[in-house]
>>> print(open('query-v4.csv').read())   # CSV, C-alpha atoms
chain,number,residue,atom,x,y,z
A,28,MET,CA,25.9,-22.7,150.3
A,29,THR,CA,29.6,-22.1,149.9
A,30,TRP,CA,30.9,-19.7,147.2
A,31,THR,CA,34.4,-20.2,146.0
A,32,ARG,CA,36.3,-18.8,143.1
A,33,ARG,CA,36.6,-22.3,141.7
A,34,LYS,CA,32.9,-22.8,141.9
A,35,PHE,CA,32.1,-19.4,140.4
A,36,LEU,CA,34.5,-19.9,137.5
A,37,ALA,CA,34.4,-23.6,137.3
A,38,THR,CA,33.0,-23.6,133.8
A,39,THR,CA,35.9,-21.6,132.3
A,40,ALA,CA,38.2,-23.1,129.8
A,41,VAL,CA,40.5,-21.5,127.3
A,42,ALA,CA,39.5,-22.7,123.8
A,43,GLY,CA,42.0,-24.5,121.7
A,44,PRO,CA,41.8,-25.9,118.2
A,45,GLY,CA,38.5,-27.6,117.7
A,46,LEU,CA,36.6,-29.5,115.1
A,47,VAL,CA,33.5,-28.3,113.3
A,48,LEU,CA,30.6,-30.0,115.0
A,49,ALA,CA,29.4,-33.1,113.2
A,50,GLY,CA,25.9,-34.0,112.4
A,51,ARG,CA,24.9,-31.0,110.3
A,52,PRO,CA,23.6,-31.4,106.7
A,53,ARG,CA,26.5,-31.7,104.2
A,54,ALA,CA,25.8,-28.3,102.7
A,55,ALA,CA,25.9,-26.5,106.0
A,56,ARG,CA,29.2,-28.3,106.8
A,57,ALA,CA,30.7,-27.1,103.6
A,58,GLN,CA,29.6,-23.5,104.0
A,59,ALA,CA,30.2,-23.0,107.8
A,60,ARG,CA,33.2,-20.8,108.6
A,61,THR,CA,34.8,-21.0,112.0
A,62,ILE,CA,34.7,-17.9,114.1
A,63,THR,CA,36.1,-17.3,117.6
A,64,ALA,CA,34.2,-15.7,120.5
A,65,SER,CA,35.0,-14.9,124.1
A,66,HIS,CA,33.3,-14.1,127.4
A,67,SER,CA,34.7,-14.1,130.9
A,68,VAL,CA,32.6,-16.7,132.7
A,69,SER,CA,29.9,-19.1,131.4
A,70,THR,CA,27.0,-17.8,133.5
A,71,VAL,CA,23.5,-16.4,132.6
A,72,VAL,CA,24.8,-12.8,132.1
A,73,TYR,CA,26.5,-14.1,128.9
A,74,GLY,CA,23.6,-16.4,128.1
A,75,GLN,CA,23.3,-15.0,124.5
A,76,HIS,CA,26.5,-16.8,123.5
A,77,LEU,CA,25.5,-20.0,125.3
A,78,VAL,CA,22.0,-20.2,123.9
A,79,ALA,CA,23.2,-19.4,120.4
A,80,LYS,CA,25.6,-22.4,120.6
A,81,GLU,CA,23.2,-24.8,122.2
A,82,LYS,CA,20.3,-23.9,119.8
A,83,ARG,CA,22.7,-24.1,116.9
A,84,PHE,CA,21.9,-20.5,115.8
A,85,PHE,CA,25.6,-20.0,114.8
A,86,GLU,CA,25.5,-23.0,112.4
A,87,GLU,CA,22.2,-21.8,111.0
A,88,GLU,CA,23.8,-18.5,110.2
A,89,GLY,CA,26.7,-20.3,108.4
A,90,VAL,CA,29.4,-20.1,111.0
A,91,SER,CA,30.8,-22.4,113.6
A,92,VAL,CA,32.0,-21.8,117.2
A,93,PRO,CA,33.7,-25.0,118.2
A,94,SER,CA,34.2,-23.7,121.8
A,95,PHE,CA,34.3,-20.3,123.6
A,96,ILE,CA,37.4,-18.6,124.9
A,97,VAL,CA,36.5,-18.3,128.6
A,98,PRO,CA,39.6,-17.0,130.5
A,99,GLY,CA,37.8,-16.1,133.8
A,100,GLY,CA,38.1,-12.3,133.7
A,101,GLY,CA,37.0,-9.4,131.5
A,102,ALA,CA,40.5,-7.9,131.2
A,103,LYS,CA,41.7,-11.2,129.7
A,104,VAL,CA,38.8,-11.2,127.2
A,105,VAL,CA,40.0,-7.7,126.1
A,106,GLN,CA,43.5,-9.1,125.6
A,107,ALA,CA,42.2,-12.0,123.6
A,108,LEU,CA,40.3,-9.7,121.2
A,109,ALA,CA,43.0,-7.1,120.9
A,110,ALA,CA,45.6,-9.8,120.1
A,111,GLY,CA,43.4,-11.4,117.5
A,112,GLN,CA,42.8,-14.7,119.4
A,113,ALA,CA,39.1,-13.9,119.5
A,114,MET,CA,37.1,-12.2,116.7
A,115,PHE,CA,34.1,-11.4,118.9
A,116,ALA,CA,33.7,-10.6,122.6
A,117,LEU,CA,30.8,-10.2,125.0
A,118,GLY,CA,31.7,-8.1,128.1
A,119,ASP,CA,31.8,-4.7,129.8
A,120,SER,CA,31.0,-1.7,127.6
A,121,ASN,CA,34.1,0.1,128.8
A,122,HIS,CA,36.3,-2.6,127.4
A,123,PRO,CA,36.0,-1.7,123.7
A,124,LEU,CA,36.5,1.9,124.7
A,125,LYS,CA,39.8,1.0,126.4
A,126,ILE,CA,41.0,-0.8,123.2
A,127,THR,CA,40.0,2.3,121.1
A,128,GLU,CA,41.8,4.6,123.6
A,129,LYS,CA,45.0,2.6,123.1
A,130,GLY,CA,44.9,3.2,119.3
A,131,LYS,CA,43.1,0.1,117.9
A,132,ASP,CA,39.5,0.9,117.1
A,133,ALA,CA,36.9,-1.5,118.6
A,134,LEU,CA,33.2,-1.0,118.3
A,135,MET,CA,30.1,-2.0,120.3
A,136,ILE,CA,27.8,-3.9,118.0
A,137,PHE,CA,24.9,-4.6,120.4
A,138,ALA,CA,24.0,-4.4,124.1
A,139,THR,CA,22.5,-7.2,126.1
A,140,ASP,CA,21.4,-5.4,129.2
A,141,ARG,CA,20.3,-1.9,130.5
A,142,ARG,CA,21.6,-1.9,134.1
A,143,CYS,CA,24.7,-3.1,135.8
A,144,SER,CA,24.3,-6.4,137.6
A,145,TYR,CA,27.3,-5.8,139.9
A,146,ALA,CA,26.4,-2.3,141.1
A,147,ASN,CA,24.5,-3.8,144.1
A,148,VAL,CA,25.8,-2.8,147.5
A,149,VAL,CA,25.6,-5.3,150.4
A,150,VAL,CA,26.4,-4.1,154.0
A,151,ARG,CA,27.4,-6.4,156.8
A,152,LYS,CA,24.5,-7.4,159.0
A,153,GLU,CA,25.8,-5.7,162.2
A,154,LEU,CA,25.7,-2.3,160.5
A,155,TRP,CA,22.2,-3.0,159.1
A,156,ASP,CA,21.1,-3.7,162.7
A,157,LYS,CA,22.6,-0.3,163.8
A,158,GLY,CA,20.5,1.5,161.1
A,159,VAL,CA,22.7,1.5,158.0
A,160,LYS,CA,19.8,0.5,155.7
A,161,SER,CA,20.6,2.8,152.8
A,162,VAL,CA,23.6,4.1,150.8
A,163,GLU,CA,23.0,7.5,152.5
A,164,ALA,CA,23.4,5.9,155.9
A,165,LEU,CA,26.7,4.3,154.9
A,166,GLY,CA,28.1,7.9,154.9
A,167,ASP,CA,26.9,8.5,158.5
A,168,ALA,CA,30.0,8.4,160.7
A,169,LYS,CA,27.8,8.2,163.8
A,170,LEU,CA,26.3,4.9,162.6
A,171,VAL,CA,29.4,3.4,161.0
A,172,GLY,CA,31.9,4.8,163.5
A,173,ARG,CA,34.6,5.5,160.9
A,174,LYS,CA,35.0,5.8,157.2
A,175,ALA,CA,33.2,2.8,155.7
A,176,ILE,CA,35.5,0.2,154.3
A,177,VAL,CA,34.0,-0.9,151.0
A,178,ALA,CA,35.4,-3.7,148.8
A,179,ALA,CA,35.4,-3.9,145.1
A,180,THR,CA,36.9,-7.0,143.4
A,181,ALA,CA,39.9,-4.7,142.6
A,182,ILE,CA,40.6,-1.0,142.4
A,183,GLY,CA,39.8,0.1,138.9
A,184,SER,CA,37.5,-3.0,138.2
A,185,GLY,CA,33.9,-2.7,137.0
A,186,THR,CA,32.6,-3.1,140.5
A,187,TYR,CA,34.8,-0.2,141.6
A,188,VAL,CA,33.8,2.0,138.6
A,189,TYR,CA,30.1,1.6,139.2
A,190,GLY,CA,30.4,1.7,143.0
A,191,VAL,CA,32.3,5.0,142.9
A,192,TYR,CA,29.5,6.4,140.7
A,193,VAL,CA,26.8,5.2,143.1
A,194,PHE,CA,28.5,6.8,146.1
A,195,LYS,CA,29.4,10.0,144.4
A,196,GLY,CA,25.8,10.4,143.2
A,197,THR,CA,24.4,9.9,146.7
A,198,LYS,CA,24.5,12.5,149.5
A,199,ALA,CA,25.4,11.6,153.1
A,200,PRO,CA,23.6,13.2,156.0
A,201,ASP,CA,26.2,16.0,156.1
A,202,GLY,CA,25.4,16.9,152.5
A,203,LYS,CA,28.6,15.6,151.1
A,204,PRO,CA,28.8,12.7,148.7
A,205,VAL,CA,28.9,9.3,150.4
A,206,HIS,CA,32.1,8.7,148.5
A,207,ASP,CA,33.8,11.2,150.8
A,208,HIS,CA,33.1,8.9,153.7
A,209,VAL,CA,34.3,5.7,152.0
A,210,GLU,CA,37.6,3.9,151.9
A,211,TRP,CA,38.0,1.6,149.0
A,212,VAL,CA,39.9,-1.7,149.1
A,213,GLY,CA,40.4,-4.6,146.7
A,214,GLY,CA,38.3,-7.6,147.9
A,215,GLY,CA,39.4,-10.2,145.3
A,216,SER,CA,37.3,-13.3,144.4
A,217,SER,CA,34.1,-14.8,145.7
A,218,THR,CA,35.7,-16.4,148.7
A,219,THR,CA,37.6,-13.3,149.9
A,220,MET,CA,34.8,-10.8,149.2
A,221,LEU,CA,32.2,-12.8,151.1
A,222,GLY,CA,34.6,-14.0,153.8
A,223,GLY,CA,35.7,-10.4,154.4
A,224,LEU,CA,32.2,-9.2,154.8
A,225,LYS,CA,31.3,-12.1,157.1
A,226,ALA,CA,34.3,-11.5,159.3
A,227,GLY,CA,33.7,-7.7,159.5
A,228,LYS,CA,36.8,-6.9,157.6
A,229,PHE,CA,34.6,-5.0,155.1
A,230,ASP,CA,31.7,-2.8,156.0
A,231,ALA,CA,30.1,-3.3,152.6
A,232,ILE,CA,30.9,-4.9,149.3
A,233,MET,CA,29.9,-4.4,145.6
A,234,ALA,CA,28.1,-7.6,144.7
A,235,VAL,CA,27.1,-9.6,141.7
A,236,PRO,CA,23.6,-11.2,142.3
A,237,GLU,CA,25.1,-14.6,143.4
A,238,TRP,CA,27.1,-12.9,146.2
A,239,GLN,CA,24.1,-10.8,147.2
A,240,TRP,CA,22.0,-13.9,147.6
A,241,ALA,CA,24.7,-15.8,149.5
A,242,ALA,CA,25.2,-13.0,152.0
A,243,GLU,CA,21.5,-12.6,152.6
A,244,ASP,CA,20.7,-16.4,152.6
A,245,GLU,CA,23.5,-17.1,155.1
A,246,GLY,CA,22.5,-14.1,157.3
A,247,PHE,CA,25.7,-12.0,157.3
A,248,GLY,CA,24.8,-9.3,154.8
A,249,LYS,CA,21.9,-7.1,153.7
A,250,VAL,CA,21.3,-5.3,150.4
A,251,ILE,CA,21.2,-1.5,150.7
A,252,TYR,CA,21.4,-0.7,146.9
A,253,ASP,CA,19.7,-3.1,144.5
A,254,VAL,CA,19.8,-2.4,140.7
A,255,GLN,CA,16.5,-4.3,140.3
A,256,ASP,CA,14.9,-1.3,142.0
A,257,GLU,CA,14.4,0.9,138.9
A,258,LYS,CA,13.7,4.0,140.8
A,259,ALA,CA,16.9,3.6,142.8
A,260,TRP,CA,18.8,3.0,139.6
A,261,ASN,CA,17.4,6.0,137.8
A,262,ARG,CA,18.0,8.3,140.8
A,263,VAL,CA,21.7,7.6,140.5
A,264,PHE,CA,22.3,6.8,136.8
A,265,GLY,CA,19.5,8.8,135.1
A,266,GLY,CA,18.3,6.0,132.9
A,267,SER,CA,19.5,2.9,131.0
A,268,ILE,CA,23.1,2.2,130.3
A,269,PRO,CA,24.5,-0.4,127.9
A,270,VAL,CA,26.6,-2.3,130.4
A,271,THR,CA,27.2,-5.6,128.7
A,272,VAL,CA,27.9,-5.4,125.0
A,273,GLY,CA,29.1,-7.4,122.0
A,274,TYR,CA,32.2,-5.8,120.6
A,275,VAL,CA,34.6,-6.4,117.7
A,276,LEU,CA,37.7,-4.7,116.2
A,277,ARG,CA,37.0,-2.3,113.3
A,278,ASP,CA,39.4,-4.3,111.2
A,279,THR,CA,37.0,-7.3,111.5
A,280,ILE,CA,34.1,-5.2,110.4
A,281,ASP,CA,36.0,-3.9,107.4
A,282,LYS,CA,37.4,-7.3,106.3
A,283,SER,CA,34.6,-9.7,107.2
A,284,PRO,CA,31.2,-7.8,107.5
A,285,ASP,CA,29.4,-11.1,106.6
A,286,LEU,CA,30.9,-12.9,109.6
A,287,VAL,CA,30.0,-9.9,111.9
A,288,GLN,CA,26.4,-10.1,110.6
A,289,ALA,CA,26.2,-13.9,111.2
A,290,TYR,CA,27.5,-13.4,114.7
A,291,VAL,CA,25.0,-10.6,115.5
A,292,ASN,CA,22.1,-12.6,113.9
A,293,ALA,CA,22.9,-15.7,116.0
A,294,THR,CA,23.2,-13.8,119.3
A,295,TYR,CA,20.1,-11.6,118.5
A,296,ARG,CA,18.1,-14.8,117.9
A,297,ALA,CA,19.4,-16.2,121.2
A,298,GLN,CA,18.2,-13.1,123.0
A,299,GLN,CA,14.7,-13.5,121.4
A,300,TRP,CA,14.7,-17.2,122.4
A,301,ILE,CA,15.5,-16.3,126.0
A,302,ARG,CA,12.7,-13.7,125.9
A,303,ARG,CA,10.1,-16.1,124.8
A,304,ALA,CA,11.3,-19.3,126.6
A,305,LYS,CA,10.0,-20.3,130.1
A,306,ASP,CA,12.5,-19.9,132.9
A,307,GLU,CA,12.8,-23.7,133.3
A,308,GLU,CA,13.5,-24.1,129.6
A,309,VAL,CA,16.5,-21.8,129.8
A,310,VAL,CA,17.7,-23.7,132.9
A,311,GLU,CA,17.3,-27.0,131.1
A,312,LEU,CA,19.3,-25.8,128.1
A,313,LEU,CA,22.2,-24.2,130.0
A,314,HIS,CA,22.6,-25.8,133.4
A,315,LYS,CA,24.4,-29.1,132.6
A,316,PRO,CA,26.7,-27.8,129.8
A,317,TYR,CA,27.8,-24.6,131.5
A,318,MET,CA,26.7,-24.2,135.1
A,319,ASP,CA,26.5,-27.6,136.7
A,320,THR,CA,28.7,-26.5,139.6
A,321,PHE,CA,25.7,-24.3,140.6
A,322,SER,CA,22.4,-25.8,141.8
A,323,ARG,CA,19.5,-25.7,139.5
A,324,GLU,CA,17.8,-23.3,141.9
A,325,ILE,CA,20.6,-20.8,141.7
A,326,VAL,CA,20.6,-21.0,137.9
A,327,LEU,CA,16.8,-20.5,137.9
A,328,ARG,CA,17.2,-17.5,140.2
A,329,SER,CA,19.8,-16.1,137.9
A,330,VAL,CA,17.5,-16.5,134.8
A,331,LYS,CA,14.7,-14.7,136.6
A,332,TYR,CA,17.1,-11.9,137.7
A,333,TYR,CA,18.6,-11.2,134.3
A,334,ARG,CA,15.2,-11.0,132.7
A,335,THR,CA,14.6,-7.8,134.7
A,336,ILE,CA,17.7,-6.1,133.2
A,337,PHE,CA,18.2,-7.6,129.7
A,338,ASP,CA,17.8,-5.3,126.7
A,339,TRP,CA,15.7,-7.3,124.4
A,340,ASP,CA,16.0,-5.2,121.2
A,341,PHE,CA,19.9,-5.2,121.4
A,342,LEU,CA,20.1,-1.6,120.3
A,343,ILE,CA,22.3,1.0,121.9
A,344,ASP,CA,20.6,4.4,122.0
A,345,GLU,CA,23.0,7.4,121.9
A,346,LYS,CA,21.3,8.9,125.0
A,347,ASP,CA,22.0,5.6,126.9
A,348,TYR,CA,25.5,5.6,125.7
A,349,ASP,CA,25.9,9.2,127.0
A,350,ASN,CA,24.6,8.1,130.4
A,351,GLY,CA,27.3,5.4,130.4
A,352,MET,CA,30.0,7.9,129.5
A,353,LYS,CA,29.3,9.8,132.7
A,354,VAL,CA,30.2,6.6,134.6
A,355,TRP,CA,33.2,5.5,132.5
A,356,VAL,CA,35.1,8.9,132.4
A,357,PRO,CA,37.6,9.2,134.0
A,358,LEU,CA,37.5,6.0,136.0
A,359,ALA,CA,37.5,3.6,133.0
A,360,VAL,CA,38.7,5.8,130.1
A,361,ASP,CA,40.5,9.1,130.2
A,362,LYS,CA,38.2,11.1,128.0
A,363,PRO,CA,34.8,10.8,126.2
A,364,ILE,CA,34.7,8.9,122.9
A,365,PRO,CA,32.0,10.0,120.5
A,366,PHE,CA,29.1,7.5,119.9
A,367,ALA,CA,29.8,7.4,116.2
A,368,LYS,CA,33.3,6.2,116.8
A,369,ALA,CA,32.3,3.7,119.5
A,370,ALA,CA,29.2,1.9,118.2
A,371,ASP,CA,27.8,0.5,115.0
A,372,MET,CA,24.1,-0.5,115.2
A,373,SER,CA,23.7,-1.4,111.5
A,374,PHE,CA,24.2,-5.1,112.1
A,375,VAL,CA,21.5,-5.3,114.8
A,376,LYS,CA,19.1,-3.4,112.6
A,377,LYS,CA,19.6,-6.0,109.8
A,378,ALA,CA,19.1,-8.8,112.3
A,379,GLN,CA,15.9,-7.2,113.5
A,380,ALA,CA,14.6,-6.9,109.9
A,381,LYS,CA,15.4,-10.5,109.2
A,382,TYR,CA,14.0,-11.9,112.4
A,383,LYS,CA,11.0,-9.7,113.4
A,384,SER,CA,9.9,-10.6,116.9
>>> encode(input="query-v4.csv", output="C-alpha cells")
Amino acid sequence: MTWTRRKFLATTAVAGPGLVLAGRPRAARAQARTITASHSVSTVVYGQHLVAKEKRFFEEEGVSVPSFIVPGGGAKVVQALAAGQAMFALGDSNHPLKITEKGKDALMIFATDRRCSYANVVVRKELWDKGVKSVEALGDAKLVGRKAIVAATAIGSGTYVYGVYVFKGTKAPDGKPVHDHVEWVGGGSSTTMLGGLKAGKFDAIMAVPEWQWAAEDEGFGKVIYDVQDEKAWNRVFGGSIPVTVGYVLRDTIDKSPDLVQAYVNATYRAQQWIRRAKDEEVVELLHKPYMDTFSREIVLRSVKYYRTIFDWDFLIDEKDYDNGMKVWVPLAVDKPIPFAKAADMSFVKKAQAKYKS
C-alpha cells in the first residue's frame, strides 16, 4: 500500500454555507438550529463527530451540522474555533489550553480517548536487526552508531510533544534519558515520514497507527513503543491522559448552554453507539462517506485499534488531567492551567443521566 498526504487527508473539505438536511419531520426542521463543528481529518479517531452526523443524533438533539470544517491540521482547527468560524472542536487536549493561554478562555467538555494514538515509535528495520528493539536501545550509541535521528511531523507538534516525553521518561543504558541521545527533526507528511524511514534518513519516527502498519507491512520498520501496550504506556505516563477532547470557547458556554448540551448529547450518544456496534457496522457507516480512499480492511483495523484506547464515559478525571499536564508543560503550554479553569464536565454528566448506558 502507498500512503500519501493526499490519501491520508483526502476526505478533508472546508465547510461552506450549507442547507439544513431535508427529510426530517416538519417540527424537527422548525426547531433545529445550525451549529458548526471542526476536526482535522475525517478518520476513526474523530468518529464521534462522524457517527453523530450519520446516525442523525445532532438532529435528534435539535441541532443541525450541514458539514464539518475539516482543514487538515489541528492548528487550523484551533484557528477556526478561536476566530468563531467553528463553535465546537474535536482535537488535541493541549489546543484549548493554548487558546486559554493567549487570553481567550476555552474549555474541554469531554474526552474521547485515554492514550495518545501517535506516541508510537517505529524504528527502521536495519536498526531493529542490529538489536534496537526497545526505546532504551535507541539510546545505545554502540547499536545506533550516533545520536538517533527521530522524526516528528514538525518540531512542536503533538508527535513531538509526546515523543519527547517518552524519551525523557526512558533511561538509556548509560543511565541518562534516551532523549539525551536523540536528535529531533521535522518529518512532514505521510509520504516524507515513511519515505525518510524507508531510505534510512530517519532512525525512528513517531507514528500514527496507519504509518505503523504501513512500515511493518512493507517491511522497512518495526514498532519499539506501542501505546496499545498498557504496561508500557503506564510505565512512562503513569496512567490515562485525556488526549483527544471536545472543546469550546467559554463565551459559547455562557451564551448558548443549550447548544453546548445538544452537541455533547449527540457526541456522547455516538460514542455509546460505537461501543455497542460491531466493528463491521462502524465500517459500513463511515467508510464510503468519509474514508473511501482507504481500503475497508484499513478502516476495520482502525476501528479495532481505537476501541482499545477510547474513553467510553467521556469524563475527564482531574488526576488524568494532571497526568496530561506533565506532558504538556512546557512543550505545549508555558505553565500549568488549573483543572477548574480548563474543563467543564457538567454537560457530560447531564448527557449520561439522560442516556444511561
>>> closest_atom_pairs(input="query-v4.csv", of="stretch 236-299 of chain A", to="stretch 341-352 of chain A", cutoff="7 Å", atoms="all atoms listed in the file", output="tab-separated table")
residue	atom	partner	partner_atom	distance
A:Phe264	CA	A:Asn350	CA	6.9
A:Gly265	CA	A:Asn350	CA	7.0
A:Ser267	CA	A:Asp347	CA	5.5
A:Ile268	CA	A:Asp347	CA	4.9
A:Pro269	CA	A:Tyr348	CA	6.5
>>> closest_residue(input="query-v4.csv", among="A:Leu221, A:Val71, A:Ala102, A:Leu134", to="A:Phe366", atoms="all atoms listed in the file")
A:Leu134
>>> residues_near_point(input="query-v4.csv", point="(27.6, -1.7, 117.2)", cutoff="6 Å", atoms="all atoms listed in the file", output="short mmCIF file (atom, residue, chain, number, x, y, z; two decimals) with C-alpha atoms, keeping the file's coordinate frame")
data_model
loop_
_atom_site.label_atom_id
_atom_site.label_comp_id
_atom_site.auth_asym_id
_atom_site.auth_seq_id
_atom_site.Cartn_x
_atom_site.Cartn_y
_atom_site.Cartn_z
CA LEU A 134 33.20 -1.00 118.30
CA MET A 135 30.10 -2.00 120.30
CA ILE A 136 27.80 -3.90 118.00
CA PHE A 137 24.90 -4.60 120.40
CA ALA A 370 29.20 1.90 118.20
CA ASP A 371 27.80 0.50 115.00
CA MET A 372 24.10 -0.50 115.20
#
>>> closest_residue(input="query-v4.csv", among="A:Met233, A:Met318, A:Leu276, A:Ala289", to="A:Val148", atoms="only C-alpha atoms")
A:Met233
>>> atom_distance(input="query-v4.csv", atom1="atom CA of A:Leu224", atom2="atom CA of A:Ala175")
12.1 Å
>>> atom_distance(input="query-v4.csv", atom1="atom CA of A:Lys157", atom2="atom CA of A:Lys174")
15.3 Å
>>> residues_around(input="query-v4.csv", residues="A:Ala259", least_positions_apart="5", cutoff="12 Å", atoms="all atoms listed in the file", output="short mmCIF file (atom, residue, chain, number, x, y, z; two decimals) with C-alpha atoms, in the frame of the given file")
data_model
loop_
_atom_site.label_atom_id
_atom_site.label_comp_id
_atom_site.auth_asym_id
_atom_site.auth_seq_id
_atom_site.Cartn_x
_atom_site.Cartn_y
_atom_site.Cartn_z
CA ARG A 142 21.60 -1.90 134.10
CA ALA A 146 26.40 -2.30 141.10
CA ASN A 147 24.50 -3.80 144.10
CA VAL A 148 25.80 -2.80 147.50
CA SER A 161 20.60 2.80 152.80
CA VAL A 162 23.60 4.10 150.80
CA VAL A 193 26.80 5.20 143.10
CA GLY A 196 25.80 10.40 143.20
CA THR A 197 24.40 9.90 146.70
CA ILE A 251 21.20 -1.50 150.70
CA TYR A 252 21.40 -0.70 146.90
CA ASP A 253 19.70 -3.10 144.50
CA VAL A 254 19.80 -2.40 140.70
CA PHE A 264 22.30 6.80 136.80
CA GLY A 265 19.50 8.80 135.10
CA GLY A 266 18.30 6.00 132.90
#
>>> atom_distance(input="query-v4.csv", atom1="atom CA of A:Ala164", atom2="atom CA of A:Ala242")
19.4 Å
>>> residues_around(input="query-v4.csv", residues="A:Gly183", least_positions_apart="5", cutoff="12 Å", atoms="all atoms listed in the file", output="list in words")
Ala102, Asn121, Ala178, Val188, Tyr189, Gly190, Val191, Trp211, Val212, Gly213, Gly214, Trp355, Val356, Pro357, Leu358, Ala359 and Val360 of chain A
>>> write_last_selection(input="query-v4.csv", atoms="C-alpha atoms", output="PDB file, in the frame of the given file")
ATOM      1  CA  ALA A 102      40.500  -7.900 131.200  1.00  0.00           C
ATOM      2  CA  ASN A 121      34.100   0.100 128.800  1.00  0.00           C
ATOM      3  CA  ALA A 178      35.400  -3.700 148.800  1.00  0.00           C
ATOM      4  CA  VAL A 188      33.800   2.000 138.600  1.00  0.00           C
ATOM      5  CA  TYR A 189      30.100   1.600 139.200  1.00  0.00           C
ATOM      6  CA  GLY A 190      30.400   1.700 143.000  1.00  0.00           C
ATOM      7  CA  VAL A 191      32.300   5.000 142.900  1.00  0.00           C
ATOM      8  CA  TRP A 211      38.000   1.600 149.000  1.00  0.00           C
ATOM      9  CA  VAL A 212      39.900  -1.700 149.100  1.00  0.00           C
ATOM     10  CA  GLY A 213      40.400  -4.600 146.700  1.00  0.00           C
ATOM     11  CA  GLY A 214      38.300  -7.600 147.900  1.00  0.00           C
ATOM     12  CA  TRP A 355      33.200   5.500 132.500  1.00  0.00           C
ATOM     13  CA  VAL A 356      35.100   8.900 132.400  1.00  0.00           C
ATOM     14  CA  PRO A 357      37.600   9.200 134.000  1.00  0.00           C
ATOM     15  CA  LEU A 358      37.500   6.000 136.000  1.00  0.00           C
ATOM     16  CA  ALA A 359      37.500   3.600 133.000  1.00  0.00           C
ATOM     17  CA  VAL A 360      38.700   5.800 130.100  1.00  0.00           C
TER      18      VAL A 360
END
>>> residues_around(input="query-v4.csv", residues="A:Val330", least_positions_apart="2", cutoff="8 Å", atoms="all atoms listed in the file", output="number ranges by chain")
A: 71, 306, 309-310, 326-328, 332-334
>>> write_last_selection(input="query-v4.csv", atoms="C-alpha atoms", output="mmCIF file, in the coordinates of the input")
data_model
loop_
_atom_site.group_PDB
_atom_site.id
_atom_site.type_symbol
_atom_site.label_atom_id
_atom_site.label_comp_id
_atom_site.auth_asym_id
_atom_site.auth_seq_id
_atom_site.Cartn_x
_atom_site.Cartn_y
_atom_site.Cartn_z
ATOM 1 C CA VAL A 71 23.500 -16.400 132.600
ATOM 2 C CA ASP A 306 12.500 -19.900 132.900
ATOM 3 C CA VAL A 309 16.500 -21.800 129.800
ATOM 4 C CA VAL A 310 17.700 -23.700 132.900
ATOM 5 C CA VAL A 326 20.600 -21.000 137.900
ATOM 6 C CA LEU A 327 16.800 -20.500 137.900
ATOM 7 C CA ARG A 328 17.200 -17.500 140.200
ATOM 8 C CA TYR A 332 17.100 -11.900 137.700
ATOM 9 C CA TYR A 333 18.600 -11.200 134.300
ATOM 10 C CA ARG A 334 15.200 -11.000 132.700
#
>>> decode(input="query-v4.csv", residues="stretch 195-226 of chain A", atoms="C-alpha atoms", output="CSV table (one decimal), in the first residue's frame")
chain,number,residue,atom,x,y,z
A,195,LYS,CA,12.7,11.8,28.7
A,196,GLY,CA,10.9,9.1,30.7
A,197,THR,CA,13.0,6.2,29.5
A,198,LYS,CA,16.6,5.6,30.6
A,199,ALA,CA,19.3,4.6,28.1
A,200,PRO,CA,22.0,2.0,29.0
A,201,ASP,CA,24.3,4.8,30.4
A,202,GLY,CA,21.6,5.8,32.9
A,203,LYS,CA,20.8,9.1,31.1
A,204,PRO,CA,17.4,9.8,29.5
A,205,VAL,CA,17.1,8.4,25.9
A,206,HIS,CA,16.2,12.0,24.9
A,207,ASP,CA,19.9,13.0,25.5
A,208,HIS,CA,20.8,10.6,22.8
A,209,VAL,CA,18.2,11.8,20.2
A,210,GLU,CA,18.3,14.5,17.5
A,211,TRP,CA,14.8,15.6,16.6
A,212,VAL,CA,13.9,16.6,13.0
A,213,GLY,CA,10.6,17.6,11.3
A,214,GLY,CA,9.5,14.8,9.1
A,215,GLY,CA,6.4,16.3,7.5
A,216,SER,CA,3.5,14.4,6.0
A,217,SER,CA,2.8,10.7,5.5
A,218,THR,CA,4.9,10.4,2.3
A,219,THR,CA,8.0,12.1,3.7
A,220,MET,CA,7.8,10.5,7.2
A,221,LEU,CA,7.5,7.0,5.8
A,222,GLY,CA,9.9,7.7,2.9
A,223,GLY,CA,12.5,9.1,5.2
A,224,LEU,CA,12.4,6.0,7.4
A,225,LYS,CA,12.5,3.6,4.4
A,226,ALA,CA,15.5,5.5,2.9
